[in-house]
>>> print(open('coords_17.cif').read())   # mmCIF, C-alpha atoms
data_target
loop_
_atom_site.label_atom_id
_atom_site.label_comp_id
_atom_site.auth_asym_id
_atom_site.auth_seq_id
_atom_site.Cartn_x
_atom_site.Cartn_y
_atom_site.Cartn_z
CA MET A 1 2.35 -19.55 16.60
CA GLU A 2 3.18 -22.92 15.06
CA ILE A 3 6.87 -23.79 15.17
CA VAL A 4 8.58 -25.93 12.53
CA ASP A 5 11.80 -27.29 14.01
CA ALA A 6 13.86 -28.28 10.98
CA ARG A 7 17.25 -27.81 12.63
CA GLY A 8 19.86 -30.29 11.46
CA LEU A 9 17.64 -31.90 8.83
CA SER A 10 18.99 -32.55 5.31
CA CYS A 11 17.60 -30.83 2.22
CA PRO A 12 14.81 -30.73 1.20
CA GLU A 13 13.17 -31.69 4.54
CA PRO A 14 13.09 -28.11 5.95
CA LEU A 15 11.29 -26.94 2.80
CA MET A 16 8.84 -29.85 2.83
CA LEU A 17 7.97 -29.37 6.51
CA THR A 18 7.54 -25.61 6.02
CA ASP A 19 5.37 -26.14 2.96
CA GLN A 20 3.15 -28.57 4.91
CA ALA A 21 2.89 -26.16 7.86
CA LEU A 22 1.98 -23.22 5.59
CA LYS A 23 -0.85 -25.27 4.06
CA LYS A 24 -2.30 -26.06 7.50
CA ALA A 25 -1.60 -22.85 9.46
CA ASN A 26 -4.12 -20.03 9.80
CA GLY A 27 -1.62 -17.48 11.11
CA PRO A 28 2.13 -16.90 11.04
CA ILE A 29 4.59 -19.76 11.53
CA LYS A 30 8.12 -19.84 12.90
CA VAL A 31 10.73 -22.03 11.16
CA LEU A 32 14.03 -23.04 12.80
CA VAL A 33 16.89 -24.12 10.52
CA SER A 34 20.64 -24.67 10.95
CA GLU A 35 22.26 -23.85 7.61
CA PRO A 36 22.39 -20.47 5.80
CA HIS A 37 21.32 -22.01 2.48
CA GLN A 38 18.26 -23.48 4.20
CA LYS A 39 17.35 -20.00 5.48
CA THR A 40 17.60 -18.67 1.91
CA ASN A 41 15.46 -21.53 0.60
CA ILE A 42 12.75 -20.93 3.24
CA GLU A 43 12.72 -17.19 2.41
CA LYS A 44 12.34 -18.03 -1.30
CA LEU A 45 9.50 -20.45 -0.55
CA ALA A 46 7.67 -17.81 1.51
CA LYS A 47 8.13 -15.26 -1.26
CA SER A 48 6.83 -17.70 -3.89
CA LYS A 49 3.67 -18.10 -1.80
CA GLY A 50 3.18 -14.34 -1.48
CA LYS A 51 4.15 -14.35 2.22
CA LYS A 52 6.54 -12.14 4.18
CA ALA A 53 9.60 -13.72 5.82
CA VAL A 54 11.63 -12.11 8.60
CA SER A 55 14.86 -13.92 9.53
CA ASN A 56 17.05 -13.67 12.59
CA ALA A 57 20.28 -15.42 13.52
CA VAL A 58 20.01 -17.26 16.82
CA GLY A 59 23.50 -18.36 17.81
CA SER A 60 24.78 -20.34 14.82
CA GLU A 61 21.23 -21.13 13.65
CA PHE A 62 18.30 -19.23 12.15
CA GLU A 63 14.73 -18.42 12.99
CA ILE A 64 12.37 -17.34 10.20
CA VAL A 65 8.91 -15.96 10.91
CA ILE A 66 6.57 -16.29 7.92
CA SER A 67 3.38 -14.24 7.94
CA MET B 68 27.39 -12.89 -2.12
CA ASN B 69 24.66 -15.37 -2.91
CA LEU B 70 24.29 -17.07 -6.28
CA SER B 71 21.13 -18.99 -5.40
CA ASP B 72 18.62 -16.21 -4.75
CA SER B 73 17.76 -15.41 -8.37
CA LYS B 74 17.40 -17.37 -11.59
CA MET B 75 19.89 -15.10 -13.40
CA LYS B 76 22.59 -15.68 -10.76
CA LEU B 77 21.97 -19.43 -10.91
CA LEU B 78 22.42 -19.32 -14.67
CA ILE B 79 25.66 -17.32 -14.31
CA ALA B 80 26.98 -19.91 -11.83
CA GLY B 81 26.13 -22.72 -14.27
CA LEU B 82 27.81 -20.89 -17.15
CA GLY B 83 30.88 -20.31 -14.95
CA CYS B 84 31.09 -24.01 -14.09
CA GLY B 85 30.67 -24.86 -17.79
CA VAL B 86 33.56 -22.58 -18.77
CA ILE B 87 35.80 -24.20 -16.14
CA ALA B 88 34.91 -27.68 -17.43
CA ALA B 89 35.56 -26.58 -21.02
CA VAL B 90 38.95 -25.07 -20.12
CA LEU B 91 40.00 -28.25 -18.29
CA ALA B 92 38.93 -30.40 -21.26
CA TYR B 93 40.91 -28.09 -23.56
CA MET B 94 43.93 -28.22 -21.24
CA GLY B 95 44.09 -32.01 -21.40
CA ASN B 96 41.53 -33.80 -19.23
CA PRO B 97 40.18 -37.04 -20.80
CA ALA B 98 37.57 -36.90 -23.56
CA ASN B 99 34.18 -35.83 -22.13
CA MET B 100 35.44 -36.53 -18.61
CA ALA B 101 36.41 -32.90 -18.13
CA PHE B 102 35.18 -32.88 -14.57
CA CYS B 103 33.74 -36.20 -13.33
CA ILE B 104 33.45 -36.49 -9.57
CA ALA B 105 33.12 -40.30 -9.47
CA CYS B 106 35.92 -40.92 -11.98
CA PHE B 107 38.24 -38.47 -10.25
CA ILE B 108 37.59 -39.89 -6.77
CA ARG B 109 38.23 -43.34 -8.27
CA ASP B 110 41.52 -42.06 -9.74
CA MET B 111 42.51 -40.54 -6.39
CA ALA B 112 41.67 -43.81 -4.60
CA GLY B 113 43.97 -45.54 -7.09
CA SER B 114 46.78 -43.05 -6.56
CA LEU B 115 46.62 -43.77 -2.83
CA GLY B 116 46.83 -47.50 -3.53
CA PHE B 117 43.27 -48.38 -2.48
CA HIS B 118 42.94 -50.32 -5.75
CA GLN B 119 45.49 -51.60 -8.27
CA ALA B 120 43.87 -50.70 -11.62
CA ALA B 121 47.00 -49.20 -13.18
CA VAL B 122 45.17 -47.12 -15.80
CA VAL B 123 43.09 -45.10 -13.30
CA GLN B 124 45.54 -43.81 -10.71
CA TYR B 125 46.06 -40.07 -10.31
CA ALA B 126 45.40 -37.76 -7.35
CA ARG B 127 43.12 -35.42 -9.30
CA PRO B 128 43.69 -31.84 -8.08
CA GLU B 129 40.11 -31.02 -9.16
CA ILE B 130 38.74 -33.02 -6.19
CA ILE B 131 41.19 -31.31 -3.82
CA GLY B 132 40.22 -27.92 -5.27
CA LEU B 133 36.48 -28.57 -4.97
CA VAL B 134 36.67 -29.34 -1.26
CA LEU B 135 39.10 -26.50 -0.54
CA GLY B 136 37.15 -24.03 -2.73
CA ALA B 137 33.95 -24.75 -0.80
CA PHE B 138 35.88 -24.59 2.48
CA ILE B 139 37.50 -21.22 1.71
CA ILE B 140 34.37 -19.52 0.35
CA SER B 141 32.21 -20.78 3.21
CA ILE B 142 34.72 -19.47 5.77
CA LEU B 143 34.92 -16.09 3.99
CA THR B 144 31.12 -15.71 3.75
CA GLY B 145 30.28 -17.03 7.22
CA GLU B 146 28.59 -20.18 5.92
CA TYR B 147 31.09 -22.64 7.37
CA ARG B 148 29.43 -24.73 10.09
CA SER B 149 30.90 -27.88 11.57
CA SER B 150 28.11 -30.44 11.96
CA GLY B 151 27.53 -34.18 12.02
CA GLY B 152 25.65 -37.07 13.57
CA SER B 153 22.87 -37.73 11.06
CA ALA B 154 23.15 -41.51 10.54
CA PRO B 155 26.81 -41.43 9.42
CA MET B 156 27.14 -45.15 8.67
CA ILE B 157 24.01 -45.16 6.50
CA ARG B 158 25.51 -42.21 4.64
CA PHE B 159 28.77 -44.19 4.25
CA ILE B 160 26.81 -47.02 2.62
CA LEU B 161 25.01 -44.52 0.37
CA GLY B 162 28.43 -43.19 -0.69
CA VAL B 163 29.53 -46.73 -1.59
CA ILE B 164 26.30 -47.26 -3.57
CA ILE B 165 26.66 -43.94 -5.42
CA MET B 166 30.15 -44.97 -6.54
CA ILE B 167 29.15 -48.48 -7.63
CA GLY B 168 26.21 -47.11 -9.69
CA SER B 169 28.46 -44.44 -11.20
CA LEU B 170 31.16 -46.91 -12.27
CA ILE B 171 28.59 -49.23 -13.83
CA PHE B 172 27.35 -46.32 -15.98
CA LEU B 173 30.90 -44.87 -16.17
CA GLY B 174 30.33 -41.41 -14.75
CA CYS B 175 28.64 -39.38 -12.05
CA PRO B 176 25.62 -37.13 -12.79
CA LEU B 177 28.02 -34.29 -13.70
CA ARG B 178 29.76 -36.46 -16.28
CA MET B 179 26.39 -37.68 -17.52
CA VAL B 180 25.57 -34.05 -18.43
CA LEU B 181 29.04 -33.60 -20.00
CA ARG B 182 28.55 -36.80 -22.04
CA MET B 183 25.08 -35.58 -23.10
CA SER B 184 26.62 -32.32 -24.30
CA ALA B 185 29.05 -34.33 -26.47
CA GLY B 186 26.18 -36.15 -28.20
CA ASP B 187 26.63 -39.47 -26.35
CA LEU B 188 23.17 -41.06 -26.68
CA ASN B 189 24.02 -43.55 -23.90
CA ALA B 190 24.07 -40.63 -21.45
CA TRP B 191 20.67 -39.41 -22.68
CA ILE B 192 19.30 -42.93 -22.07
CA ALA B 193 20.95 -43.01 -18.62
CA LEU B 194 19.21 -39.70 -17.80
CA ILE B 195 15.93 -41.65 -17.78
CA GLY B 196 17.34 -43.92 -15.07
CA PHE B 197 18.79 -41.00 -13.09
CA ALA B 198 15.49 -39.11 -13.15
CA ALA B 199 13.58 -42.26 -12.16
CA GLY B 200 16.02 -42.92 -9.30
CA ALA B 201 15.80 -39.32 -8.04
CA GLY B 202 12.01 -39.59 -8.41
CA THR B 203 11.97 -42.77 -6.30
CA GLY B 204 14.02 -40.95 -3.65
CA ALA B 205 11.59 -38.03 -3.79
CA PHE B 206 8.70 -40.46 -3.28
CA ALA B 207 10.50 -41.86 -0.21
CA LEU B 208 10.94 -38.32 1.15
CA LYS B 209 7.25 -37.67 0.61
CA SER B 210 6.49 -40.89 2.48
CA GLY B 211 8.43 -39.60 5.51
CA PHE B 212 12.02 -40.72 4.85
CA SER B 213 14.64 -38.98 6.98
CA LEU B 214 18.13 -39.78 8.23
CA GLY B 215 17.52 -37.61 11.28
CA ARG B 216 19.12 -34.46 12.58
CA ALA B 217 22.76 -33.37 12.38
CA TYR B 218 24.14 -31.41 15.32
CA GLU B 219 26.84 -28.78 15.66
CA THR B 220 30.20 -30.39 16.38
CA LYS B 221 33.63 -29.18 17.44
CA GLN B 222 35.03 -26.81 14.79
CA GLY B 223 37.94 -29.15 14.14
CA SER B 224 35.70 -31.99 12.96
CA GLY B 225 34.75 -30.07 9.81
CA PHE B 226 38.41 -29.22 9.13
CA VAL B 227 39.47 -32.87 8.79
CA LEU B 228 38.51 -33.59 5.16
CA PRO B 229 39.88 -30.24 3.84
CA ALA B 230 43.10 -30.93 5.81
CA MET B 231 43.32 -34.44 4.31
CA MET B 232 42.96 -32.90 0.84
CA VAL B 233 45.84 -30.51 1.60
CA GLY B 234 47.83 -33.57 2.67
CA VAL B 235 47.13 -35.37 -0.63
CA LEU B 236 48.13 -32.21 -2.54
CA ILE B 237 51.45 -32.08 -0.68
CA LEU B 238 52.05 -35.77 -1.41
CA LEU B 239 51.23 -35.16 -5.09
CA VAL B 240 53.44 -32.11 -5.56
CA CYS B 241 56.32 -32.77 -3.19
CA THR B 242 56.81 -36.56 -3.05
CA PRO B 243 56.97 -39.58 -5.40
CA LEU B 244 54.79 -41.66 -3.03
CA LEU B 245 51.51 -41.58 -4.95
CA LYS B 246 50.78 -43.96 -7.82
CA PHE B 247 50.43 -42.37 -11.24
CA SER B 248 49.03 -44.05 -14.38
CA GLU B 249 51.46 -44.29 -17.29
CA SER B 250 48.66 -45.04 -19.76
CA GLY B 251 44.86 -44.92 -19.85
CA PRO B 252 42.50 -42.27 -18.49
CA GLY B 253 44.56 -41.69 -15.33
CA SER B 254 47.53 -40.54 -17.40
CA VAL B 255 45.50 -37.95 -19.32
CA HIS B 256 45.09 -34.69 -17.46
CA ALA B 257 45.40 -30.93 -17.47
CA PRO B 258 48.45 -29.36 -15.75
CA ILE B 259 48.24 -29.70 -11.95
CA ILE B 260 48.02 -25.95 -11.32
CA MET B 261 45.19 -25.54 -13.85
CA SER B 262 43.28 -28.48 -12.37
CA LEU B 263 43.71 -27.08 -8.87
CA ILE B 264 42.57 -23.57 -9.85
CA GLY B 265 39.67 -25.04 -11.86
CA GLY B 266 38.62 -27.13 -8.87
CA LEU B 267 38.85 -24.18 -6.48
CA LEU B 268 36.71 -21.95 -8.72
CA PHE B 269 34.22 -24.72 -9.48
CA GLY B 270 33.94 -25.43 -5.75
CA MET B 271 33.25 -21.76 -5.02
CA PHE B 272 30.58 -21.48 -7.75
CA ALA B 273 28.98 -24.75 -6.65
CA GLN B 274 28.94 -23.71 -2.97
CA LYS B 275 27.33 -20.36 -3.66
CA SER B 276 24.79 -21.68 -6.18
CA ARG B 277 23.95 -24.95 -4.28
CA LEU B 278 24.59 -26.78 -7.57
CA CYS B 279 23.19 -30.30 -7.22
CA PHE B 280 22.21 -32.70 -9.96
CA ALA B 281 20.01 -34.93 -7.80
CA GLY B 282 18.53 -31.89 -6.04
CA GLY B 283 17.47 -30.36 -9.35
CA ILE B 284 15.27 -33.32 -10.28
CA ARG B 285 14.16 -33.92 -6.67
CA ASP B 286 12.92 -30.34 -6.22
CA ALA B 287 11.18 -30.40 -9.61
CA VAL B 288 9.34 -33.61 -8.66
CA LEU B 289 8.58 -32.71 -5.05
CA MET B 290 7.86 -29.00 -5.15
CA ARG B 291 7.56 -28.05 -8.81
CA ASN B 292 10.65 -25.91 -8.18
CA PHE B 293 12.95 -25.85 -11.21
CA ASP B 294 15.59 -23.42 -9.86
CA LEU B 295 18.35 -26.01 -9.38
CA LEU B 296 17.95 -27.17 -12.99
CA ILE B 297 18.95 -23.69 -14.25
CA PRO B 298 22.72 -23.97 -13.53
CA LEU B 299 22.70 -27.47 -15.04
CA GLY B 300 21.25 -25.95 -18.22
CA GLY B 301 24.02 -23.33 -18.22
CA LEU B 302 26.72 -25.98 -17.78
CA PHE B 303 25.23 -28.11 -20.55
CA ALA B 304 24.96 -25.15 -22.94
CA VAL B 305 28.62 -24.10 -22.52
CA MET B 306 29.90 -27.66 -23.00
CA LEU B 307 27.62 -28.16 -26.02
CA VAL B 308 29.12 -25.07 -27.68
CA TYR B 309 32.64 -26.22 -26.74
CA ASN B 310 32.12 -29.74 -28.11
CA ILE B 311 30.64 -28.47 -31.38
CA ALA B 312 33.39 -25.84 -31.78
CA MET B 313 36.15 -28.39 -31.09
CA GLY B 314 34.63 -31.04 -33.36
CA LYS B 315 34.05 -33.34 -30.39
CA PHE B 316 30.26 -33.53 -30.77
CA VAL B 317 29.41 -37.03 -32.04
CA LEU B 318 25.73 -37.96 -31.94
CA ALA B 319 26.05 -41.73 -31.57
CA MET B 320 26.01 -44.71 -29.22
CA ASN B 321 28.98 -46.94 -29.97
CA THR B 322 31.67 -44.28 -30.09
CA PRO B 323 35.08 -45.79 -29.27
CA GLY B 324 37.57 -44.12 -26.95
CA ILE B 325 35.18 -41.94 -24.98
CA ILE B 326 35.09 -44.25 -21.92
CA ALA B 327 31.45 -45.26 -22.27
CA HIS B 328 29.55 -48.44 -23.08
CA SER B 329 26.24 -48.99 -24.87
CA ASP B 330 24.53 -51.50 -22.60
CA SER B 331 21.36 -49.42 -22.23
CA LEU B 332 19.67 -51.48 -19.51
CA TRP B 333 22.69 -51.14 -17.21
CA ASN B 334 23.27 -47.50 -18.11
CA VAL B 335 19.71 -46.89 -16.93
CA LEU B 336 20.00 -49.08 -13.82
CA GLY B 337 23.43 -47.69 -12.89
CA MET B 338 22.16 -44.13 -12.94
CA TYR B 339 18.87 -45.17 -11.29
CA THR B 340 21.02 -46.38 -8.38
CA VAL B 341 22.97 -43.12 -8.29
CA GLY B 342 19.85 -40.90 -8.45
CA PHE B 343 18.06 -42.89 -5.74
CA ALA B 344 21.04 -43.01 -3.35
CA ALA B 345 21.98 -39.37 -3.96
CA VAL B 346 18.50 -38.11 -3.02
CA LEU B 347 18.55 -40.26 0.14
CA ALA B 348 22.00 -38.83 1.00
CA GLY B 349 20.77 -35.26 0.46
CA GLY B 350 22.83 -34.51 -2.66
CA CYS B 351 24.78 -35.76 -5.67
CA PRO B 352 28.52 -36.63 -5.48
CA LEU B 353 29.47 -33.01 -6.29
CA ARG B 354 27.17 -31.64 -3.59
CA GLN B 355 28.59 -34.12 -1.04
CA LEU B 356 32.11 -32.77 -1.66
CA ILE B 357 30.87 -29.18 -1.33
CA LEU B 358 28.92 -29.86 1.88
CA ALA B 359 31.96 -31.68 3.28
CA GLY B 360 34.05 -28.59 2.47
CA GLN B 361 31.65 -26.31 4.33
CA GLY B 362 31.86 -28.39 7.49
CA SER B 363 29.48 -31.35 7.22
CA SER B 364 31.10 -34.46 8.69
CA ASP B 365 28.08 -36.44 7.46
CA SER B 366 28.93 -35.52 3.87
CA ALA B 367 32.63 -36.17 4.56
CA VAL B 368 31.66 -39.71 5.62
CA THR B 369 29.64 -40.05 2.38
CA VAL B 370 32.76 -38.99 0.45
CA LEU B 371 34.81 -41.63 2.31
CA GLY B 372 32.10 -44.12 1.30
CA MET B 373 32.68 -43.13 -2.32
CA PHE B 374 36.44 -43.80 -1.93
CA PHE B 375 35.64 -47.19 -0.38
CA GLY B 376 33.16 -47.91 -3.19
CA ALA B 377 35.77 -47.03 -5.82
CA ALA B 378 38.21 -49.49 -4.28
CA LEU B 379 35.51 -52.21 -4.19
CA CYS B 380 34.63 -51.58 -7.83
CA HIS B 381 38.15 -52.23 -9.06
CA ASN B 382 39.18 -54.87 -6.51
CA LEU B 383 36.05 -56.99 -7.09
CA GLY B 384 35.58 -56.36 -10.82
CA LEU B 385 32.39 -54.30 -10.59
CA ALA B 386 33.40 -51.40 -12.86
CA SER B 387 32.32 -51.48 -16.50
CA SER B 388 34.67 -51.15 -19.47
CA GLY B 389 34.38 -48.57 -22.24
CA THR B 390 33.98 -49.24 -25.96
CA ALA B 391 37.38 -49.13 -27.67
CA MET B 392 39.03 -49.62 -31.02
CA ASN B 393 41.54 -52.47 -31.27
CA ALA B 394 44.68 -50.66 -32.44
CA GLU B 395 46.05 -53.72 -34.29
CA THR B 396 42.93 -55.09 -36.00
CA GLY B 397 40.92 -51.85 -36.22
CA GLU B 398 37.89 -53.71 -34.84
CA LEU B 399 35.40 -52.13 -32.49
CA VAL B 400 35.52 -53.80 -29.06
CA ALA B 401 32.23 -53.13 -27.27
CA GLY B 402 32.42 -51.94 -23.68
CA ALA B 403 30.62 -54.13 -21.18
CA VAL B 404 29.12 -54.35 -17.73
CA THR B 405 30.64 -57.20 -15.72
CA PRO B 406 28.48 -60.00 -14.19
CA ASN B 407 29.79 -58.94 -10.76
CA GLY B 408 28.78 -55.36 -11.51
CA LYS B 409 25.23 -56.42 -12.44
CA VAL B 410 24.80 -58.38 -9.20
CA ALA B 411 26.24 -55.48 -7.19
CA CYS B 412 23.91 -53.00 -8.89
CA ILE B 413 20.83 -55.08 -8.00
CA ILE B 414 22.03 -55.43 -4.41
CA CYS B 415 22.57 -51.64 -4.24
CA ILE B 416 19.02 -50.94 -5.45
CA VAL B 417 17.58 -53.35 -2.87
CA ILE B 418 19.64 -51.68 -0.10
CA CYS B 419 18.40 -48.24 -1.25
CA PHE B 420 14.78 -49.43 -0.88
CA ILE B 421 15.50 -50.83 2.59
CA ILE B 422 17.17 -47.55 3.68
CA ALA B 423 14.40 -45.48 2.09
CA PHE B 424 11.51 -47.18 3.80
CA ALA B 425 13.13 -48.21 7.11
CA ASN B 426 14.13 -44.69 8.17
CA LYS B 427 11.13 -42.54 8.95
CA ARG B 428 11.01 -38.97 10.25
CA LYS B 429 10.12 -38.67 13.95
CA GLN B 430 7.00 -36.61 14.50
CA SER B 431 7.88 -33.55 16.63
#
>>> encode(input="coords_17.cif", output="structure tokens")
Amino acid sequence: MEIVDARGLSCPEPLMLTDQALKKANGPIKVLVSEPHQKTNIEKLAKSKGKKAVSNAVGSEFEIVIS
Amino acid sequence: MNLSDSKMKLLIAGLGCGVIAAVLAYMGNPANMAFCIACFIRDMAGSLGFHQAAVVQYARPEIIGLVLGAFIISILTGEYRSSGGSAPMIRFILGVIIMIGSLIFLGCPLRMVLRMSAGDLNAWIALIGFAAGAGTGAFALKSGFSLGRAYETKQGSGFVLPAMMVGVLILLVCTPLLKFSESGPGSVHAPIIMSLIGGLLFGMFAQKSRLCFAGGIRDAVLMRNFDLLIPLGGLFAVMLVYNIAMGKFVLAMNTPGIIAHSDSLWNVLGMYTVGFAAVLAGGCPLRQLILAGQGSSDSAVTVLGMFFGAALCHNLGLASSGTAMNAETGELVAGAVTPNGKVACIICIVICFIIAFANKRKQS
């Protein structure tokens, strides 16, 4: 599974990197982000593309699997 | 509670912010400066003696409230996270640039929208510059611009700016140490308690809705995502109704007494500078205060840059003057951009381009 490590990056870099990865990936991708609002934004992006997003807190950060 | 996960909630947040701005204008804040981040930081810098412009010195409780509102709501909802380390000195410079651009136009992006809602055609012209600046920043992002990663820091690091704001509030309420304008915009304000409550509520709405003026245009350009423009529409609509109802809507350019000038080229270039620098910094002046409140030391450094920029503007004669009516002769005295301000604005744009294209994202 492709991993997008967007931890600590400023907006809108996590969204841009995820969008690029979704265009290239054939299967699910995993996105790592640091801030809660970035998690929400990634979930919204996945939804807007008709994908399913499952989020988990990992320590103080987040991991979102988009499939 | 999340106000950013649906268009309706975003609209409600924008309407809420608009009502707060309208109430503060009604309670006594300066004409169409109901809630200007750049002007109010400039006033606070003056009250602390960073500059000596006697007409713009007042420790605006709105700024204190914004930071503390974002701090409190982020703690309560588990969104507080102390972080830092993403090119802090570049962010400091971007803060300085945002303030210089704002004081050449005479307002931050929030005040630009408030001025637009009052019929000020100069603000509508400046919107072209702001959108172009944000668009240039978006182009840089698309070309790989990044200031790098921030990392989690000691909890206490994120507490510093909110604690400093509490300190300024104590100085304002309990001591005579701060400077306070006896005339001019700095002397015109809503009661302290109303300003503080307004700031706290505005900060909470802005934190939960991710309200950002630069982000709205940036996301529209980059990702055809118009969500962040929705609360701005709500804010504009409420203030438009307020201005019409109160007889403050004047569709014109050379209106005296509203702290604005009609030098269109520099209104455009001033806001171009602000839009460009704000996208590079990851958010407009309002968003920087909110992010600083929820623990970002990088945004706190950007805010300190804005304070430094405000001091530079008034110490070196960079800030523009507003169109006014000569009380004795009744003549209209046109507001103007200073020669120093024009040179500074050009330098700021050049620095933005250097920052934008010299800082590329590392491929992981």
>>> interface_residues(input="coords_17.cif", of="chain B", to="chain A", cutoff="8 Å", atoms="only C-alpha atoms", output="list in words")
Asp72, Glu146, Arg148, Leu208, Ser213, Leu214, Gly215, Arg216, Ala217, Tyr218, Arg277, Asp286, Gly349 and Ser431 of chain B
>>> residues_around(input="coords_17.cif", residues="Leu115 in chain B", least_positions_apart="3", cutoff="9 Å", atoms="all atoms listed in the file", output="PyMOL selection string")
chain B and resi 110-112+118+124-126+235+244-246
>>> resolve_selection(input="coords_17.cif", expression="the PyMOL selection byres ((chain B and resi 117) around 9)", output="PyMOL selection string")
chain B and resi 111-116+118-119+374-375+377-379+382
>>> atom_distance(input="coords_17.cif", atom1="CA of Lys24 in chain A", atom2="CA of Lys209 in chain B")
16.5 Å
>>> atom_distance(input="coords_17.cif", atom1="CA of Ile157 in chain B", atom2="CA of Leu358 in chain B")
16.7 Å
>>> resolve_selection(input="coords_17.cif", expression="the PyMOL selection byres ((chain A and resi 46) around 12)", output="VMD selection string")
chain A and resid 15 18 to 19 21 to 23 28 to 31 39 to 45 47 to 55 64 to 67
>>> resolve_selection(input="coords_17.cif", expression="the PyMOL selection byres ((chain B and resi 122) around 10)", output="PyMOL selection string")
chain B and resi 110+113+119-121+123-125+247-255
>>> atom_distance(input="coords_17.cif", atom1="CA of Ile164 in chain B", atom2="CA of Gly376 in chain B")
6.9 Å
>>> residues_around(input="coords_17.cif", residues="Ile416 in chain B", least_positions_apart="2", cutoff="9 Å", atoms="only C-alpha atoms", output="mmCIF file with C-alpha atoms, in the frame of the given file")
data_model
loop_
_atom_site.group_PDB
_atom_site.id
_atom_site.type_symbol
_atom_site.label_atom_id
_atom_site.label_comp_id
_atom_site.auth_asym_id
_atom_site.auth_seq_id
_atom_site.Cartn_x
_atom_site.Cartn_y
_atom_site.Cartn_z
ATOM 1 C CA ILE B 164 26.300 -47.260 -3.570
ATOM 2 C CA LEU B 336 20.000 -49.080 -13.820
ATOM 3 C CA TYR B 339 18.870 -45.170 -11.290
ATOM 4 C CA THR B 340 21.020 -46.380 -8.380
ATOM 5 C CA PHE B 343 18.060 -42.890 -5.740
ATOM 6 C CA ALA B 344 21.040 -43.010 -3.350
ATOM 7 C CA ALA B 411 26.240 -55.480 -7.190
ATOM 8 C CA CYS B 412 23.910 -53.000 -8.890
ATOM 9 C CA ILE B 413 20.830 -55.080 -8.000
ATOM 10 C CA ILE B 414 22.030 -55.430 -4.410
ATOM 11 C CA ILE B 418 19.640 -51.680 -0.100
ATOM 12 C CA CYS B 419 18.400 -48.240 -1.250
ATOM 13 C CA PHE B 420 14.780 -49.430 -0.880
ATOM 14 C CA ILE B 421 15.500 -50.830 2.590
#
>>> closest_residue(input="coords_17.cif", among="B:Leu239, B:Met183, B:Ile171, B:Ile422", to="Pro406 in chain B", atoms="all atoms listed in the file")
B:Ile171
>>> residues_around(input="coords_17.cif", residues="range 73-79 of chain B", least_positions_apart="3", cutoff="12 Å", atoms="only C-alpha atoms", output="mmCIF file with C-alpha atoms, in the coordinates of the input")
data_model
loop_
_atom_site.group_PDB
_atom_site.id
_atom_site.type_symbol
_atom_site.label_atom_id
_atom_site.label_comp_id
_atom_site.auth_asym_id
_atom_site.auth_seq_id
_atom_site.Cartn_x
_atom_site.Cartn_y
_atom_site.Cartn_z
ATOM 1 C CA THR A 40 17.600 -18.670 1.910
ATOM 2 C CA ASN A 41 15.460 -21.530 0.600
ATOM 3 C CA LYS A 44 12.340 -18.030 -1.300
ATOM 4 C CA LYS A 47 8.130 -15.260 -1.260
ATOM 5 C CA MET B 68 27.390 -12.890 -2.120
ATOM 6 C CA ASN B 69 24.660 -15.370 -2.910
ATOM 7 C CA LEU B 70 24.290 -17.070 -6.280
ATOM 8 C CA LEU B 82 27.810 -20.890 -17.150
ATOM 9 C CA GLY B 83 30.880 -20.310 -14.950
ATOM 10 C CA CYS B 84 31.090 -24.010 -14.090
ATOM 11 C CA GLY B 85 30.670 -24.860 -17.790
ATOM 12 C CA VAL B 86 33.560 -22.580 -18.770
ATOM 13 C CA PHE B 272 30.580 -21.480 -7.750
ATOM 14 C CA ALA B 273 28.980 -24.750 -6.650
ATOM 15 C CA GLN B 274 28.940 -23.710 -2.970
ATOM 16 C CA LYS B 275 27.330 -20.360 -3.660
ATOM 17 C CA SER B 276 24.790 -21.680 -6.180
ATOM 18 C CA ARG B 277 23.950 -24.950 -4.280
ATOM 19 C CA LEU B 278 24.590 -26.780 -7.570
ATOM 20 C CA CYS B 279 23.190 -30.300 -7.220
ATOM 21 C CA GLY B 283 17.470 -30.360 -9.350
ATOM 22 C CA ASN B 292 10.650 -25.910 -8.180
ATOM 23 C CA PHE B 293 12.950 -25.850 -11.210
ATOM 24 C CA ASP B 294 15.590 -23.420 -9.860
ATOM 25 C CA LEU B 295 18.350 -26.010 -9.380
ATOM 26 C CA LEU B 296 17.950 -27.170 -12.990
ATOM 27 C CA ILE B 297 18.950 -23.690 -14.250
ATOM 28 C CA PRO B 298 22.720 -23.970 -13.530
ATOM 29 C CA LEU B 299 22.700 -27.470 -15.040
ATOM 30 C CA GLY B 300 21.250 -25.950 -18.220
ATOM 31 C CA GLY B 301 24.020 -23.330 -18.220
ATOM 32 C CA LEU B 302 26.720 -25.980 -17.780
ATOM 33 C CA PHE B 303 25.230 -28.110 -20.550
ATOM 34 C CA ALA B 304 24.960 -25.150 -22.940
ATOM 35 C CA VAL B 305 28.620 -24.100 -22.520
#
>>> axis_aligned_box(input="coords_17.cif", around="range 44-62 of chain A", padding_each_side="3 Å", output="lines of an AutoDock Vina configuration file")
center_x = 14.0
center_y = -16.6
center_z = 7.0
size_x = 27.6
size_y = 15.0
size_z = 27.7
>>> residues_around(input="coords_17.cif", residues="Ile195 in chain B", least_positions_apart="6", cutoff="12 Å", atoms="all atoms listed in the file", output="list in words")
Pro176, Met179, Leu188, Asn189, Ala201, Gly202, Ile284, Ser331, Leu332, Trp333, Asn334, Val335, Leu336, Gly337, Met338, Tyr339, Thr340, Val341 and Gly342 of chain B
